[in-house]
file coords.txt (compact mmCIF, C-alpha atoms)
# COMPACT_ATOMS: atom_id res chain seq x y z
CA MET A 1 15.22 8.38 46.87
CA PRO A 2 18.69 6.80 46.47
CA LYS A 3 20.59 7.04 43.20
CA THR A 4 21.48 3.97 41.18
CA LYS A 5 24.94 2.52 41.32
CA GLN A 6 25.50 3.20 37.61
CA SER A 7 25.07 6.98 37.98
CA LYS A 8 27.51 7.21 40.91
CA ARG A 9 30.32 5.45 39.07
CA ARG A 10 32.81 7.68 37.28
CA LYS A 11 32.81 7.51 33.49
CA ARG A 12 35.85 5.96 31.81
CA PHE A 13 36.81 6.09 28.16
CA ASP A 14 36.60 2.75 26.38
CA TYR A 15 39.67 2.34 24.20
CA ASN A 16 38.46 -0.94 22.73
CA THR A 17 35.41 0.48 20.91
CA ASP A 18 35.76 2.11 17.51
CA ARG A 19 33.92 5.43 17.67
CA LYS A 20 33.79 5.75 13.87
CA LYS A 21 32.04 2.39 13.54
CA LEU A 22 29.63 3.31 16.33
CA LYS A 23 28.70 6.56 14.58
CA LYS A 24 28.15 4.76 11.25
CA LYS A 25 25.99 2.16 12.99
CA PHE A 26 23.92 4.86 14.67
CA LEU A 27 23.46 6.82 11.42
CA LYS A 28 22.43 3.65 9.58
CA LYS A 29 19.71 3.03 12.16
CA ALA A 30 18.64 6.67 12.23
CA ASN A 31 18.15 7.00 8.47
CA PRO A 32 15.30 4.88 7.09
CA ARG A 33 15.89 2.71 4.04
CA ILE A 34 14.42 4.20 0.86
CA GLU A 35 12.47 1.50 -0.96
CA HIS A 36 12.39 3.08 -4.44
CA ALA A 37 15.70 2.25 -6.20
CA GLN A 38 15.81 5.40 -8.35
CA ILE A 39 15.31 7.71 -5.37
CA ARG A 40 17.82 5.74 -3.27
CA ASN A 41 20.51 6.06 -5.95
CA ALA A 42 19.91 9.77 -6.47
CA TRP A 43 19.80 10.59 -2.76
CA ASP A 44 22.67 12.70 -1.42
CA ASN A 45 23.29 12.21 2.31
CA ASN A 46 25.15 15.52 2.53
CA LYS A 47 22.03 17.48 1.54
CA SER A 48 18.84 18.02 3.50
CA MET A 49 15.67 16.08 2.78
CA ALA A 50 13.94 19.17 1.41
CA ARG A 51 16.86 19.92 -0.95
CA ASN A 52 17.04 16.30 -2.17
CA LEU A 53 13.32 16.17 -2.91
CA GLN A 54 13.39 19.58 -4.59
CA GLU A 55 16.16 18.43 -6.95
CA MET A 56 14.06 15.39 -7.87
CA GLY A 57 11.03 17.55 -8.59
CA LEU A 58 9.11 16.23 -5.58
CA SER A 59 7.51 18.22 -2.79
CA PHE A 60 8.75 18.25 0.79
CA ASP A 61 5.88 20.37 2.10
CA PRO A 62 2.64 20.21 0.07
CA ASN A 63 1.28 23.27 1.88
CA ARG A 64 4.08 25.38 0.41
CA THR A 65 3.90 23.76 -3.02
CA VAL A 66 0.15 24.18 -3.45
CA PRO A 67 -0.90 26.93 -1.05
CA ILE A 68 -4.55 27.58 -0.22
CA LYS A 69 -5.59 30.84 -1.84
CA LYS A 70 -7.17 33.36 0.47
CA GLN A 71 -10.34 34.97 -0.82
CA THR A 72 -10.11 38.72 -1.09
CA LEU A 73 -12.77 41.31 -1.76
CA LEU A 74 -10.91 42.90 -4.65
CA ARG A 75 -10.21 40.36 -7.37
CA GLY A 76 -6.83 41.49 -8.63
CA ASP A 77 -4.55 39.41 -10.80
CA THR A 78 -1.85 38.98 -8.21
CA ASP A 79 0.50 36.06 -8.47
CA ASP A 80 1.88 35.04 -5.06
CA ARG A 81 4.05 32.22 -6.38
CA GLY A 82 7.79 32.46 -5.93
CA PRO A 83 10.40 31.31 -8.43
CA ALA A 84 9.98 27.78 -9.74
CA PRO A 85 12.39 25.30 -8.11
CA ILE A 86 15.19 24.00 -10.31
CA VAL A 87 14.86 20.27 -11.01
CA THR A 88 18.29 18.75 -11.62
CA LYS A 89 17.14 15.11 -11.54
CA PRO A 90 13.98 14.96 -13.72
CA TYR A 91 14.46 11.28 -14.63
CA ILE A 92 13.19 10.29 -11.18
CA LEU A 93 9.95 12.20 -11.68
CA THR A 94 9.37 10.58 -15.09
CA LYS A 95 10.08 7.10 -13.66
CA LEU A 96 7.59 7.69 -10.82
CA GLN A 97 4.95 8.88 -13.29
CA GLU A 98 5.47 5.76 -15.45
CA GLU A 99 5.05 3.49 -12.42
CA ALA A 100 1.92 5.36 -11.32
CA SER A 101 0.35 5.06 -14.77
CA LEU A 102 0.72 1.25 -14.81
CA GLN A 103 -2.56 -0.47 -14.07
CA GLU A 104 -2.56 -2.42 -10.84
CA LYS A 105 -3.56 -6.06 -11.07
CA ASP A 106 -6.51 -7.04 -8.89
CA SER A 107 -4.98 -9.56 -6.52
CA LYS A 108 -8.13 -10.30 -4.51
CA THR A 109 -9.09 -13.94 -4.46
CA LEU A 110 -11.67 -16.09 -2.73
CA SER A 111 -11.19 -19.07 -0.47
CA SER A 112 -11.49 -22.52 -1.97
CA ASP A 113 -14.43 -23.27 0.37
CA LEU A 114 -16.36 -20.26 -0.91
CA ILE A 115 -15.62 -21.17 -4.55
CA GLU A 116 -16.85 -24.71 -3.91
CA TYR A 117 -19.98 -23.37 -2.16
CA VAL A 118 -20.83 -21.01 -5.04
CA GLN A 119 -20.25 -23.71 -7.66
CA HIS A 120 -22.51 -26.11 -5.76
CA MET A 121 -25.27 -23.49 -5.55
CA ILE A 122 -25.04 -22.65 -9.28
CA ARG A 123 -24.89 -26.35 -10.22
CA GLU A 124 -27.96 -27.22 -8.16
CA HIS A 125 -30.18 -24.14 -8.53
CA LYS A 126 -28.89 -22.14 -11.59
CA ASP A 127 -30.05 -18.58 -10.72
CA ASN A 128 -32.85 -19.29 -8.25
CA TYR A 129 -31.52 -17.49 -5.16
CA LYS A 130 -34.51 -18.32 -2.96
CA ALA A 131 -33.94 -22.02 -3.52
CA MET A 132 -30.24 -21.52 -2.74
CA ALA A 133 -31.15 -19.93 0.60
CA ARG A 134 -33.17 -23.06 1.50
CA ASP A 135 -30.39 -25.44 0.38
CA GLU A 136 -28.98 -27.74 3.10
CA LYS A 137 -25.41 -26.71 2.18
CA ASN A 138 -26.24 -23.14 3.22
CA TYR A 139 -24.68 -23.66 6.66
CA TYR A 140 -24.39 -19.98 7.52
CA GLN A 141 -28.05 -19.35 6.61
CA ASP A 142 -27.21 -16.72 4.02
CA THR A 143 -30.12 -14.75 2.62
CA PRO A 144 -30.80 -14.79 -1.14
CA LYS A 145 -29.16 -11.35 -1.47
CA GLN A 146 -26.05 -12.50 0.41
CA ILE A 147 -25.75 -15.55 -1.86
CA LYS A 148 -26.19 -13.34 -4.92
CA ARG A 149 -23.40 -11.05 -3.66
CA LYS A 150 -21.10 -14.05 -3.15
CA ILE A 151 -21.81 -15.31 -6.67
CA ASN A 152 -21.17 -11.84 -8.13
CA GLU A 153 -17.89 -11.65 -6.17
CA TYR A 154 -16.90 -15.04 -7.62
CA LYS A 155 -17.71 -13.77 -11.13
CA ARG A 156 -15.63 -10.62 -10.54
CA CYS A 157 -12.58 -12.29 -8.96
CA HIS A 158 -12.40 -15.38 -11.19
CA PRO A 159 -14.02 -14.55 -14.55
CA GLN A 160 -12.19 -17.26 -16.54
CA LEU A 161 -12.93 -19.91 -13.94
CA TYR A 162 -16.61 -18.88 -13.88
CA GLU A 163 -16.91 -19.00 -17.68
CA ALA A 164 -15.28 -22.44 -17.79
CA PHE A 165 -17.59 -23.68 -15.04
CA VAL A 166 -20.76 -22.38 -16.75
CA SER A 167 -19.70 -23.81 -20.11
CA SER A 168 -19.02 -27.20 -18.51
CA LEU A 169 -22.52 -27.10 -16.98
CA SER A 170 -24.16 -26.32 -20.33
CA CYS A 171 -22.20 -29.08 -22.09
CA GLY A 172 -23.09 -31.60 -19.36
CA ASN A 173 -26.84 -30.86 -19.58
CA GLY A 174 -26.96 -30.96 -23.40
CA THR A 175 -25.82 -34.58 -23.73
call {"tool": "encode", "arguments": {"input": "coords.txt", "output": "structure tokens"}}
result
Amino acid sequence: MPKTKQSKRRKRFDYNTDRKKLKKKFLKKANPRIEHAQIRNAWDNNKSMARNLQEMGLSFDPNRTVPIKKQTLLRGDTDDRGPAPIVTKPYILTKLQEEASLQEKDSKTLSSDLIEYVQHMIREHKDNYKAMARDEKNYYQDTPKQIKRKINEYKRCHPQLYEAFVSSLSCGNGT
């Protein structure tokens, strides 16, 4: 099989390219961007990943940090743990714990079509799921249980909207 033309040609040094810039560009692509601002600021590029994480109080290898204990026949009080790693940057660990303890907001929402469908069913049939299943607006031929699940999902995702809707229904029927 013949060789390509590129491999036959002799290599020449390119005086017009800046090798320092090329190396920086390569290193920038090679190292991933750290999303967490605290970790990014505390990171030292001259140290290894394991050393950086150890200084922050994080684990590089969970198998070494929390080893699986082997069961032995003789139950002796032997402690296989080595010396505790020195944490020089504990503020990162505390910041991560604070962020983890914050409660995450439920961002799930329903489509406007589904909300309209559920409101129509409740408006027309209150809580009679069998009648909802026979309704002409039930295009997808949902069973009573499926409709009930959709209504419960609407109650869970939009509790204020559901309460306002039910109160408007009760006020409209009373007058």
call {"tool": "closest_residue", "arguments": {"input": "coords.txt", "among": "A:Arg40, A:Lys108, A:Lys130, A:Arg12", "to": "Lys148 of chain A", "atoms": "only C-alpha atoms"}}
result
A:Lys130
call {"tool": "atom_distance", "arguments": {"input": "coords.txt", "atom1": "atom CA of Glu153 of chain A", "atom2": "atom CA of Asn173 of chain A"}}
result
25.1 Å
call {"tool": "closest_residue", "arguments": {"input": "coords.txt", "among": "A:His36, A:Tyr129, A:Ile151, A:Asp142", "to": "Glu116 of chain A", "atoms": "all atoms listed in the file"}}
result
A:Ile151
call {"tool": "closest_residue", "arguments": {"input": "coords.txt", "among": "A:Leu27, A:Met49, A:Val118, A:Ile68", "to": "His158 of chain A", "atoms": "all atoms listed in the file"}}
result
A:Val118
call {"tool": "atom_distance", "arguments": {"input": "coords.txt", "atom1": "atom CA of Asp106 of chain A", "atom2": "atom CA of Val166 of chain A"}}
result
22.4 Å
call {"tool": "residues_around", "arguments": {"input": "coords.txt", "residues": "Leu93 of chain A", "least_positions_apart": "6", "cutoff": "12 Å", "atoms": "only C-alpha atoms", "output": "PDB file with C-alpha atoms, keeping the file's coordinate frame"}}
result
ATOM      1  CA  HIS A  36      12.390   3.080  -4.440  1.00  0.00           C
ATOM      2  CA  GLN A  38      15.810   5.400  -8.350  1.00  0.00           C
ATOM      3  CA  ILE A  39      15.310   7.710  -5.370  1.00  0.00           C
ATOM      4  CA  ALA A  42      19.910   9.770  -6.470  1.00  0.00           C
ATOM      5  CA  LEU A  53      13.320  16.170  -2.910  1.00  0.00           C
ATOM      6  CA  GLN A  54      13.390  19.580  -4.590  1.00  0.00           C
ATOM      7  CA  GLU A  55      16.160  18.430  -6.950  1.00  0.00           C
ATOM      8  CA  MET A  56      14.060  15.390  -7.870  1.00  0.00           C
ATOM      9  CA  GLY A  57      11.030  17.550  -8.590  1.00  0.00           C
ATOM     10  CA  LEU A  58       9.110  16.230  -5.580  1.00  0.00           C
ATOM     11  CA  SER A  59       7.510  18.220  -2.790  1.00  0.00           C
ATOM     12  CA  VAL A  87      14.860  20.270 -11.010  1.00  0.00           C
ATOM     13  CA  GLU A  99       5.050   3.490 -12.420  1.00  0.00           C
ATOM     14  CA  ALA A 100       1.920   5.360 -11.320  1.00  0.00           C
TER      15      ALA A 100
END
call {"tool": "atom_distance", "arguments": {"input": "coords.txt", "atom1": "atom CA of Lys89 of chain A", "atom2": "atom CA of Asn52 of chain A"}}
result
9.4 Å
call {"tool": "closest_residue", "arguments": {"input": "coords.txt", "among": "A:Glu124, A:Glu163, A:Cys171, A:Cys157", "to": "Lys105 of chain A", "atoms": "all atoms listed in the file"}}
result
A:Cys157
call {"tool": "closest_residue", "arguments": {"input": "coords.txt", "among": "A:Ala30, A:Leu22, A:Leu161, A:Ala37", "to": "Ile115 of chain A", "atoms": "only C-alpha atoms"}}
result
A:Leu161
call {"tool": "build_atoms", "arguments": {"input": "coords.txt", "residues": "segment 8-24 of chain A", "atoms": "N, CA, C and O atoms", "output": "PDB file, in the coordinates of the input"}}
result
ATOM      1  N   LYS A   8      26.461   6.787  39.977  1.00  0.00           N
ATOM      2  CA  LYS A   8      27.510   7.210  40.910  1.00  0.00           C
ATOM      3  C   LYS A   8      28.903   6.943  40.361  1.00  0.00           C
ATOM      4  O   LYS A   8      29.841   7.666  40.655  1.00  0.00           O
ATOM      5  N   ARG A   9      29.017   5.870  39.553  1.00  0.00           N
ATOM      6  CA  ARG A   9      30.320   5.450  39.070  1.00  0.00           C
ATOM      7  C   ARG A   9      30.903   6.492  38.113  1.00  0.00           C
ATOM      8  O   ARG A   9      30.174   7.062  37.300  1.00  0.00           O
ATOM      9  N   ARG A  10      32.194   6.698  38.171  1.00  0.00           N
ATOM     10  CA  ARG A  10      32.810   7.680  37.280  1.00  0.00           C
ATOM     11  C   ARG A  10      32.932   7.090  35.887  1.00  0.00           C
ATOM     12  O   ARG A  10      33.163   5.888  35.716  1.00  0.00           O
ATOM     13  N   LYS A  11      32.786   7.951  34.893  1.00  0.00           N
ATOM     14  CA  LYS A  11      32.810   7.510  33.490  1.00  0.00           C
ATOM     15  C   LYS A  11      34.256   7.345  33.035  1.00  0.00           C
ATOM     16  O   LYS A  11      35.100   8.204  33.293  1.00  0.00           O
ATOM     17  N   ARG A  12      34.510   6.232  32.336  1.00  0.00           N
ATOM     18  CA  ARG A  12      35.850   5.960  31.810  1.00  0.00           C
ATOM     19  C   ARG A  12      35.764   5.793  30.308  1.00  0.00           C
ATOM     20  O   ARG A  12      34.783   5.262  29.791  1.00  0.00           O
ATOM     21  N   PHE A  13      36.757   6.216  29.612  1.00  0.00           N
ATOM     22  CA  PHE A  13      36.810   6.090  28.160  1.00  0.00           C
ATOM     23  C   PHE A  13      37.127   4.648  27.783  1.00  0.00           C
ATOM     24  O   PHE A  13      38.032   4.033  28.357  1.00  0.00           O
ATOM     25  N   ASP A  14      36.382   4.128  26.817  1.00  0.00           N
ATOM     26  CA  ASP A  14      36.600   2.750  26.380  1.00  0.00           C
ATOM     27  C   ASP A  14      37.479   2.756  25.145  1.00  0.00           C
ATOM     28  O   ASP A  14      37.066   3.170  24.065  1.00  0.00           O
ATOM     29  N   TYR A  15      38.705   2.328  25.302  1.00  0.00           N
ATOM     30  CA  TYR A  15      39.670   2.340  24.200  1.00  0.00           C
ATOM     31  C   TYR A  15      39.437   1.213  23.202  1.00  0.00           C
ATOM     32  O   TYR A  15      39.944   1.241  22.090  1.00  0.00           O
ATOM     33  N   ASN A  16      38.664   0.219  23.596  1.00  0.00           N
ATOM     34  CA  ASN A  16      38.460  -0.940  22.730  1.00  0.00           C
ATOM     35  C   ASN A  16      37.348  -0.740  21.695  1.00  0.00           C
ATOM     36  O   ASN A  16      37.249  -1.505  20.741  1.00  0.00           O
ATOM     37  N   THR A  17      36.480   0.259  21.879  1.00  0.00           N
ATOM     38  CA  THR A  17      35.410   0.480  20.910  1.00  0.00           C
ATOM     39  C   THR A  17      35.829   1.487  19.856  1.00  0.00           C
ATOM     40  O   THR A  17      36.513   2.471  20.166  1.00  0.00           O
ATOM     41  N   ASP A  18      35.430   1.226  18.635  1.00  0.00           N
ATOM     42  CA  ASP A  18      35.760   2.110  17.510  1.00  0.00           C
ATOM     43  C   ASP A  18      34.636   3.130  17.388  1.00  0.00           C
ATOM     44  O   ASP A  18      33.513   2.788  17.028  1.00  0.00           O
ATOM     45  N   ARG A  19      34.928   4.392  17.677  1.00  0.00           N
ATOM     46  CA  ARG A  19      33.920   5.430  17.670  1.00  0.00           C
ATOM     47  C   ARG A  19      33.370   5.677  16.265  1.00  0.00           C
ATOM     48  O   ARG A  19      32.196   5.997  16.089  1.00  0.00           O
ATOM     49  N   LYS A  20      34.217   5.537  15.258  1.00  0.00           N
ATOM     50  CA  LYS A  20      33.790   5.750  13.870  1.00  0.00           C
ATOM     51  C   LYS A  20      32.742   4.713  13.471  1.00  0.00           C
ATOM     52  O   LYS A  20      31.722   5.034  12.863  1.00  0.00           O
ATOM     53  N   LYS A  21      32.995   3.458  13.832  1.00  0.00           N
ATOM     54  CA  LYS A  21      32.040   2.390  13.540  1.00  0.00           C
ATOM     55  C   LYS A  21      30.727   2.610  14.290  1.00  0.00           C
ATOM     56  O   LYS A  21      29.648   2.371  13.763  1.00  0.00           O
ATOM     57  N   LEU A  22      30.831   3.050  15.542  1.00  0.00           N
ATOM     58  CA  LEU A  22      29.630   3.310  16.330  1.00  0.00           C
ATOM     59  C   LEU A  22      28.781   4.401  15.692  1.00  0.00           C
ATOM     60  O   LEU A  22      27.555   4.284  15.628  1.00  0.00           O
ATOM     61  N   LYS A  23      29.429   5.461  15.208  1.00  0.00           N
ATOM     62  CA  LYS A  23      28.700   6.560  14.580  1.00  0.00           C
ATOM     63  C   LYS A  23      28.017   6.092  13.304  1.00  0.00           C
ATOM     64  O   LYS A  23      26.856   6.415  13.043  1.00  0.00           O
ATOM     65  N   LYS A  24      28.731   5.294  12.490  1.00  0.00           N
ATOM     66  CA  LYS A  24      28.150   4.760  11.250  1.00  0.00           C
ATOM     67  C   LYS A  24      26.940   3.879  11.560  1.00  0.00           C
ATOM     68  O   LYS A  24      25.920   3.930  10.875  1.00  0.00           O
TER      69      LYS A  24
END
